[in-house]
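Undergrad: Could you have a look at this structure, given as structure tokens, before my questions?
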Amino acid sequence: MDETVRAQYEAYPYPPRDPAEEATRLVTGSPSHVLEIDHYVFAGRRDFARPFRALFAGGGTGDGTVMLAQQLADRGTPAEIVHLDLSAAAQAIAAARIARRGLAVRFVQGSLLALDRLGLGGFDYIDCCGVLHHLDDPLAGFRALERALAPDGGMGVMVYAPLGRTGVYPLQALLRALAGEAPLADRLALARRLLPQLPATNWFKRNPHLHDHLSLGDAGLFDLLLHSRDRAFSIAELARLVADAGLRIAGLCNAIRYEPAAYLDDRTLLARLDGLVPLDRAAFAELLAGNIKTHTFYVVKAANPADTVARPDGTDAIPVLRDGDGPALALRARTNRIVHIGYDGLDLRLPLPALAPEILARIDGTRTLGAIHRALAEAVRPAPEWAAFKAEFDRLYLTLHGLGCLFIRHAA
Ligand SMILES: C[S@@+](CC[C@H](N)C(=O)[O-])C[C@H]1O[C@@H](n2cnc3c(N)ncnc32)[C@H](O)[C@@H]1O
């Protein structure tokens, strides 16, 4: 079966990428953004002037590898990055992208299940994005990765989630019945014939939020609808899998989607959830929202005694915006203090606190919360006390961190 999976990604490397585009844009995302790694794995305290070893397990055509290699190069980090994949074709694309940028990555062709034998050493960070759900035994995969992790290291993972993929698995079964073991190109052709014929009641047809087959060409169609092996994990299943692998979840990306209060405003209902631990709240939110297609999250070793997640506490915490710049966001927040965000059919409207524009205008990725408070107290009348400022910042943080835009680091 691994051979079948390999053959698919040799024929249709995923996601399809043109190395020439490296000249015009850097693809960024989650997991493996350097701010997220620092935030969830190193409590915002990783000194990136020190050597850093990262493994991309099933790195594919290189989105994550290119992003982190570039971000570490920009920081001057003495980094050693290994890209491991079954598919030589996918690796050739990733290698061409890395070469275009003049970056250095080591490419190894093979299975993450063979990590113990590959002798690649231990890693501070491992990315495994969109891979574990294609393994015959995802737990064996997770365990192999756990063994390759340094004791204080962490992993960024993405796996499919069941409810947002409603309609995918029945359609995969239909296509298996129609196309069986036909050559890969014939299976694609059959899928293209079937798609426009789906009756209005078909669940894939009724789920308009799946679009890889439309936006990513043959590779996208194959990956979504013709994959020989894929499965999805609910948060509850994931929690068990992670624990069985000797790991613990440090944080879920896009945390707002895992917060029941993002969907409900009935206080009686919300009060019933008060005693739940965060993962049970997240499991509830997943069932409630019904539209989550993937789970992206960070894990660390269960035996790691440290609290690895950065908190927005204390005057020395430095808030850092992911891509955008604070003054631009501040300008928008001045005219409209409601953030609108669309998630696969769900429109959330999230109010920002009154001081949001003043705080955002002063977030530059280097100022501490203490410095932001001091600067703000000189400019705003009446000048807010620290406690009032912190309460406003916490509300802002809950929203923007929940959306994956704002992280915390500490000065090295
Ligand atoms: C859906 S793609 C994801 C690629 C990349 N991680 C990303 O997110 O853009 C899955 C990749 O995992 C690779 N893969 C699947 N099983 C693997 C295994 N056992 N060991 C290493 N790579 C594997 C495939 O060859 C493919 O390139």
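By convention here, the chains of the structure tokens are called A, B, ... in the order presented, each chain's residues are numbered starting at 1, and ligands are numbered starting at 1 in the order presented.
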Counting only C-alpha atoms and all ligand atoms, what are the residues, protein, DNA or RNA alike, that approach ligand 1 to within 7 Å? I want them as a PyMOL selection string.

TA: chain A and resi 2+5-6+9+13-15+57-64+84-87+90+110-113+128-131+134-135+223

Undergrad: Tell me which protein, DNA and RNA residues are within 9 Å of Phe204 in chain A, counting only C-alpha atoms, leaving out same-chain ones fewer than 6 positions away, and put them as a PDB file with N, CA and C atoms, in the first residue's frame.

TA:
ATOM      1  N   ARG A 165     -15.251  17.343   6.025  1.00  0.00           N
ATOM      2  CA  ARG A 165     -15.044  16.542   4.810  1.00  0.00           C
ATOM      3  C   ARG A 165     -16.278  15.701   4.477  1.00  0.00           C
ATOM      4  N   THR A 166     -17.394  16.081   5.030  1.00  0.00           N
ATOM      5  CA  THR A 166     -18.627  15.342   4.739  1.00  0.00           C
ATOM      6  C   THR A 166     -18.825  15.256   3.228  1.00  0.00           C
ATOM      7  N   GLY A 167     -19.036  14.041   2.751  1.00  0.00           N
ATOM      8  CA  GLY A 167     -19.243  13.845   1.319  1.00  0.00           C
ATOM      9  C   GLY A 167     -18.029  13.269   0.614  1.00  0.00           C
ATOM     10  N   VAL A 168     -16.834  13.463   1.203  1.00  0.00           N
ATOM     11  CA  VAL A 168     -15.607  12.978   0.540  1.00  0.00           C
ATOM     12  C   VAL A 168     -15.562  11.452   0.525  1.00  0.00           C
ATOM     13  N   TYR A 169     -15.832  10.842   1.668  1.00  0.00           N
ATOM     14  CA  TYR A 169     -15.598   9.387   1.750  1.00  0.00           C
ATOM     15  C   TYR A 169     -16.613   8.575   0.947  1.00  0.00           C
ATOM     16  N   PRO A 170     -17.909   8.958   0.939  1.00  0.00           N
ATOM     17  CA  PRO A 170     -18.827   8.240   0.035  1.00  0.00           C
ATOM     18  C   PRO A 170     -18.418   8.391  -1.434  1.00  0.00           C
ATOM     19  N   LEU A 171     -17.919   9.568  -1.800  1.00  0.00           N
ATOM     20  CA  LEU A 171     -17.522   9.772  -3.203  1.00  0.00           C
ATOM     21  C   LEU A 171     -16.259   8.965  -3.521  1.00  0.00           C
ATOM     22  N   LEU A 198     -23.337  14.311 -10.384  1.00  0.00           N
ATOM     23  CA  LEU A 198     -23.790  14.015  -9.019  1.00  0.00           C
ATOM     24  C   LEU A 198     -25.174  14.602  -8.786  1.00  0.00           C
ATOM     25  N   LEU A 210     -15.408  22.247  -0.104  1.00  0.00           N
ATOM     26  CA  LEU A 210     -14.262  21.407  -0.497  1.00  0.00           C
ATOM     27  C   LEU A 210     -13.921  21.806  -1.922  1.00  0.00           C
TER      28      LEU A 210
END

Undergrad: Check the smallest atom-to-atom distance from each of A:Val242, A:Ile37, A:Cys405, A:Val300 to Leu132 in chain A using only C-alpha atoms, then report the winner.

TA: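 Of the candidates, the smallest distance to Leu132 in chain A is held by A:Val242.
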
Undergrad: Measuring atom to atom with only C-alpha atoms, identify which of A:His213, A:Arg281, A:Arg248, A:Arg267 is nearest to Ala303 in chain A.

TA: A:Arg248

Undergrad: Which one is closest to Ile359 in chain A: A:Ala330, A:Leu72, A:Met67, A:Ala371? Count only C-alpha atoms.

TA: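 Of all the options, A:Ala330 lies closest to Ile359 in chain A.
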